[in-house]
Amino acid sequence: MINWFPGHMNKTLKQMQSDSKLCDCFVYVLDARCPTSCINPEFLKVVKDKPIIYVLNKADLVDKPAIDKFKNYFTSQGQQCVSLNATVSGNSKVIIDAINKIFKSRLAQNKLKGANFITRAMVLGVPNSGKSTIVNNLCKKARAVTGNRAGVTKSKQWIKVSENIEFMDTPGVLLPNFDDEQKAYNLAIIGSVKDEVLNLVEVATELINRLNLIDKNILNTKYSVVYNENTQNIDILNQIGKKRGCVVKGGEIDLERAAKILLTDFRTGKLGKICLE
Ligand SMILES: Nc1nc2c(ncn2[C@@H]2O[C@H](COP(=O)(O)OP(=O)(O)OP(=O)(O)O)[C@@H](O)[C@H]2O)c(=O)[nH]1
Ligand SMILES: [Mg+2]
């Protein structure tokens, strides 16, 4: 189904591998709505054995128990993990604190010597996870370009984010192949894969499937969807389309338009705080 890994991502990975030699640590940005789906095995070649700060970003779109569950998961593995809504000014400071904690003794030693040591961190993650938003959140003014679609950042850049820390924003990189279809759908649902290369009706019916497993009331509350024992996911998409005026000539429903409406409502939190994992 979803098999999309454009050539520029391979090039980006190679560049990141080379730039990683200049980095002391890594800020690994995960979308809190499906954190483990955002783990890209290719990043291991970039990070190697240097420290990582895992960021559960877009925490405002997920219920707190889910955030706590994933925080516990990472910390129980001895990893640093913070959660965040990067759209709120100043919030990303928790990442600076986590980095300073890791390099505490090195900072103290340098202070004694009177040297100002700069810690360099690479910000990495799948597309649309909020990497550039985090970088901007730490600057006085917007430095990195952001946008609610995959593939906004085209090239790397170093940006000073505190007195002694510089971040390198990088373009989002997807997994070269998906052996796990569920993870692939999760990434498509959250907007990490370009919508243009997707069958949005298929992605939307997958979302309906997941939402109904979590709580049947979600779609019922938002779109007054009616169920009986034979109701299929595609029928539900039809009902959503009807409710939201996606009717074309002859009374048929424009399912593509209905799919876009449902995905946008989910991505912008209009269906509530929902974690897909
Ligand atoms: N609700 C919410 N939206 C966020 C958060 N962080 C980022 N966003 C939004 O997510 C979208 C993507 O943000 P970017 O910072 O461009 O993402 P990116 O990871 O740099 O994306 P690429 O450069 O394409 O890899 C934007 O519309 C942001 O406003 C967050 O914590 N909460
Ligand atoms: Mg970006």
# chains A, B, ... in the order shown; residues from 1 in each chain; ligands from 1

call {"tool": "select_by_dssp", "arguments": {"residues": "stretch 93-208 of chain A", "states": "strand (DSSP E)", "output": "PyMOL selection string"}}
result
chain A and resi 119-125+157-162+165-169

call {"tool": "write_last_selection", "arguments": {"atoms": "N, CA and C atoms", "output": "PDB file, in the first residue's frame"}}
result
ATOM      1  N   THR A 119      27.094  23.445  22.820  1.00  0.00           N
ATOM      2  CA  THR A 119      26.564  22.094  22.603  1.00  0.00           C
ATOM      3  C   THR A 119      25.730  22.109  21.323  1.00  0.00           C
ATOM      4  N   ARG A 120      26.021  21.151  20.441  1.00  0.00           N
ATOM      5  CA  ARG A 120      25.284  21.117  19.167  1.00  0.00           C
ATOM      6  C   ARG A 120      24.350  19.904  19.127  1.00  0.00           C
ATOM      7  N   ALA A 121      23.090  20.188  18.778  1.00  0.00           N
ATOM      8  CA  ALA A 121      22.098  19.112  18.713  1.00  0.00           C
ATOM      9  C   ALA A 121      21.426  19.089  17.352  1.00  0.00           C
ATOM     10  N   MET A 122      21.289  17.902  16.803  1.00  0.00           N
ATOM     11  CA  MET A 122      20.547  17.763  15.549  1.00  0.00           C
ATOM     12  C   MET A 122      19.097  17.427  15.888  1.00  0.00           C
ATOM     13  N   VAL A 123      18.161  18.168  15.262  1.00  0.00           N
ATOM     14  CA  VAL A 123      16.740  17.900  15.468  1.00  0.00           C
ATOM     15  C   VAL A 123      16.275  17.015  14.314  1.00  0.00           C
ATOM     16  N   LEU A 124      15.844  15.800  14.628  1.00  0.00           N
ATOM     17  CA  LEU A 124      15.446  14.892  13.551  1.00  0.00           C
ATOM     18  C   LEU A 124      14.104  14.236  13.834  1.00  0.00           C
ATOM     19  N   GLY A 125      13.501  13.692  12.797  1.00  0.00           N
ATOM     20  CA  GLY A 125      12.199  13.040  12.946  1.00  0.00           C
ATOM     21  C   GLY A 125      11.519  12.874  11.600  1.00  0.00           C
ATOM     22  N   GLN A 157      19.993  23.634   8.612  1.00  0.00           N
ATOM     23  CA  GLN A 157      20.505  24.934   9.023  1.00  0.00           C
ATOM     24  C   GLN A 157      20.840  24.909  10.523  1.00  0.00           C
ATOM     25  N   TRP A 158      21.914  25.637  10.923  1.00  0.00           N
ATOM     26  CA  TRP A 158      22.283  25.761  12.339  1.00  0.00           C
ATOM     27  C   TRP A 158      21.605  26.989  12.914  1.00  0.00           C
ATOM     28  N   ILE A 159      20.977  26.849  14.073  1.00  0.00           N
ATOM     29  CA  ILE A 159      20.281  27.979  14.685  1.00  0.00           C
ATOM     30  C   ILE A 159      20.595  28.016  16.181  1.00  0.00           C
ATOM     31  N   LYS A 160      21.006  29.206  16.641  1.00  0.00           N
ATOM     32  CA  LYS A 160      21.322  29.367  18.066  1.00  0.00           C
ATOM     33  C   LYS A 160      20.021  29.417  18.858  1.00  0.00           C
ATOM     34  N   VAL A 161      19.833  28.509  19.822  1.00  0.00           N
ATOM     35  CA  VAL A 161      18.571  28.454  20.559  1.00  0.00           C
ATOM     36  C   VAL A 161      18.714  28.820  22.038  1.00  0.00           C
ATOM     37  N   SER A 162      19.970  28.874  22.520  1.00  0.00           N
ATOM     38  CA  SER A 162      20.197  29.390  23.871  1.00  0.00           C
ATOM     39  C   SER A 162      21.649  29.843  23.909  1.00  0.00           C
ATOM     40  N   ILE A 165      23.727  26.645  23.307  1.00  0.00           N
ATOM     41  CA  ILE A 165      23.224  25.508  22.506  1.00  0.00           C
ATOM     42  C   ILE A 165      22.816  25.945  21.095  1.00  0.00           C
ATOM     43  N   GLU A 166      23.252  25.160  20.124  1.00  0.00           N
ATOM     44  CA  GLU A 166      22.814  25.383  18.738  1.00  0.00           C
ATOM     45  C   GLU A 166      22.091  24.137  18.239  1.00  0.00           C
ATOM     46  N   PHE A 167      21.013  24.369  17.513  1.00  0.00           N
ATOM     47  CA  PHE A 167      20.256  23.268  16.916  1.00  0.00           C
ATOM     48  C   PHE A 167      20.466  23.251  15.410  1.00  0.00           C
ATOM     49  N   MET A 168      20.462  22.051  14.852  1.00  0.00           N
ATOM     50  CA  MET A 168      20.415  21.928  13.398  1.00  0.00           C
ATOM     51  C   MET A 168      19.053  21.355  13.035  1.00  0.00           C
ATOM     52  N   ASP A 169      18.242  22.171  12.357  1.00  0.00           N
ATOM     53  CA  ASP A 169      16.938  21.684  11.880  1.00  0.00           C
ATOM     54  C   ASP A 169      17.205  20.840  10.631  1.00  0.00           C
TER      55      ASP A 169
END

call {"tool": "select_by_dssp", "arguments": {"residues": "stretch 78-220 of chain A", "states": "helix (DSSP H, G or I)", "output": "PyMOL selection string"}}
result
chain A and resi 93-102+104-113+131-138+181-190+195-197+200-214+217-220

call {"tool": "write_last_selection", "arguments": {"atoms": "C-alpha atoms", "output": "PDB file, in the first residue's frame"}}
result
ATOM      1  CA  LYS A  93      12.670  25.176  26.944  1.00  0.00           C
ATOM      2  CA  VAL A  94      12.221  21.712  28.549  1.00  0.00           C
ATOM      3  CA  ILE A  95      14.487  20.375  25.769  1.00  0.00           C
ATOM      4  CA  ILE A  96      17.209  22.908  26.643  1.00  0.00           C
ATOM      5  CA  ASP A  97      16.948  21.862  30.296  1.00  0.00           C
ATOM      6  CA  ALA A  98      17.268  18.181  29.324  1.00  0.00           C
ATOM      7  CA  ILE A  99      20.372  18.891  27.198  1.00  0.00           C
ATOM      8  CA  ASN A 100      21.988  20.971  29.938  1.00  0.00           C
ATOM      9  CA  LYS A 101      21.346  18.108  32.357  1.00  0.00           C
ATOM     10  CA  ILE A 102      23.148  15.630  30.096  1.00  0.00           C
ATOM     11  CA  LYS A 104      26.143  19.280  33.233  1.00  0.00           C
ATOM     12  CA  SER A 105      29.663  18.232  34.226  1.00  0.00           C
ATOM     13  CA  ARG A 106      31.188  19.300  30.915  1.00  0.00           C
ATOM     14  CA  LEU A 107      29.508  22.709  31.247  1.00  0.00           C
ATOM     15  CA  ALA A 108      30.820  23.115  34.807  1.00  0.00           C
ATOM     16  CA  GLN A 109      34.381  22.175  33.783  1.00  0.00           C
ATOM     17  CA  ASN A 110      34.336  24.652  30.933  1.00  0.00           C
ATOM     18  CA  LYS A 111      32.966  27.379  33.149  1.00  0.00           C
ATOM     19  CA  LEU A 112      35.942  26.851  35.488  1.00  0.00           C
ATOM     20  CA  LYS A 113      38.286  27.230  32.526  1.00  0.00           C
ATOM     21  CA  LYS A 131      10.890  19.942  14.256  1.00  0.00           C
ATOM     22  CA  SER A 132      10.996  23.455  12.774  1.00  0.00           C
ATOM     23  CA  THR A 133       8.230  24.644  15.122  1.00  0.00           C
ATOM     24  CA  ILE A 134      10.347  23.510  18.096  1.00  0.00           C
ATOM     25  CA  VAL A 135      13.391  25.368  16.767  1.00  0.00           C
ATOM     26  CA  ASN A 136      11.350  28.543  16.209  1.00  0.00           C
ATOM     27  CA  ASN A 137       9.789  28.195  19.646  1.00  0.00           C
ATOM     28  CA  LEU A 138      13.252  28.644  21.131  1.00  0.00           C
ATOM     29  CA  GLU A 181       1.220  -1.677   7.600  1.00  0.00           C
ATOM     30  CA  GLN A 182      -0.349  -0.274  10.786  1.00  0.00           C
ATOM     31  CA  LYS A 183       2.601   2.064  11.302  1.00  0.00           C
ATOM     32  CA  ALA A 184       2.458   3.176   7.686  1.00  0.00           C
ATOM     33  CA  TYR A 185      -1.228   4.044   8.020  1.00  0.00           C
ATOM     34  CA  ASN A 186      -0.589   5.902  11.277  1.00  0.00           C
ATOM     35  CA  LEU A 187       2.015   8.092   9.560  1.00  0.00           C
ATOM     36  CA  ALA A 188      -0.377   8.728   6.662  1.00  0.00           C
ATOM     37  CA  ILE A 189      -3.196   9.623   9.072  1.00  0.00           C
ATOM     38  CA  ILE A 190      -1.113  12.180  10.998  1.00  0.00           C
ATOM     39  CA  ASP A 195      -1.369  13.460   0.830  1.00  0.00           C
ATOM     40  CA  GLU A 196      -0.701  13.696  -2.926  1.00  0.00           C
ATOM     41  CA  VAL A 197       0.836  10.187  -3.002  1.00  0.00           C
ATOM     42  CA  LEU A 200      -7.077   9.311   0.920  1.00  0.00           C
ATOM     43  CA  VAL A 201     -10.303   7.272   0.933  1.00  0.00           C
ATOM     44  CA  GLU A 202      -8.273   4.232   1.997  1.00  0.00           C
ATOM     45  CA  VAL A 203      -6.440   6.231   4.675  1.00  0.00           C
ATOM     46  CA  ALA A 204      -9.717   7.727   5.971  1.00  0.00           C
ATOM     47  CA  THR A 205     -11.399   4.305   6.218  1.00  0.00           C
ATOM     48  CA  GLU A 206      -8.359   3.092   8.185  1.00  0.00           C
ATOM     49  CA  LEU A 207      -8.801   6.070  10.510  1.00  0.00           C
ATOM     50  CA  ILE A 208     -12.496   5.208  10.940  1.00  0.00           C
ATOM     51  CA  ASN A 209     -11.456   1.653  11.792  1.00  0.00           C
ATOM     52  CA  ARG A 210      -9.021   2.852  14.463  1.00  0.00           C
ATOM     53  CA  LEU A 211     -11.400   5.443  15.945  1.00  0.00           C
ATOM     54  CA  ASN A 212     -14.173   2.866  16.292  1.00  0.00           C
ATOM     55  CA  LEU A 213     -11.812   0.497  18.096  1.00  0.00           C
ATOM     56  CA  ILE A 214     -10.899   3.301  20.518  1.00  0.00           C
ATOM     57  CA  ASN A 217     -18.824   7.640  20.305  1.00  0.00           C
ATOM     58  CA  ILE A 218     -16.071   9.735  18.663  1.00  0.00           C
ATOM     59  CA  LEU A 219     -17.613   9.656  15.167  1.00  0.00           C
ATOM     60  CA  ASN A 220     -21.149   9.511  16.465  1.00  0.00           C
TER      61      ASN A 220
END

call {"tool": "closest_residue", "arguments": {"among": "A:Ser129, A:Asn116, A:Gln15, A:Thr75", "to": "ligand 1", "atoms": "only C-alpha atoms and all ligand atoms"}}
result
A:Ser129

call {"tool": "residues_around", "arguments": {"residues": "A:Leu255", "least_positions_apart": "3", "cutoff": "10 Å", "atoms": "only C-alpha atoms", "output": "VMD selection string"}}
result
chain A and resid 200 to 201 204 234 237 to 242 246 to 248 252 258 to 261

call {"tool": "residues_near_ligand", "arguments": {"ligand": "ligand 1", "cutoff": "8 Å", "atoms": "only C-alpha atoms and all ligand atoms", "output": "ChimeraX atom specification"}}
result
/A:29,57-61,84-88,124-135,144-154,169-173,192,268-269

call {"tool": "closest_residue", "arguments": {"among": "A:Val62, A:Cys139, A:Asn10, A:Phe178", "to": "A:Ser89", "atoms": "only C-alpha atoms"}}
result
A:Cys139
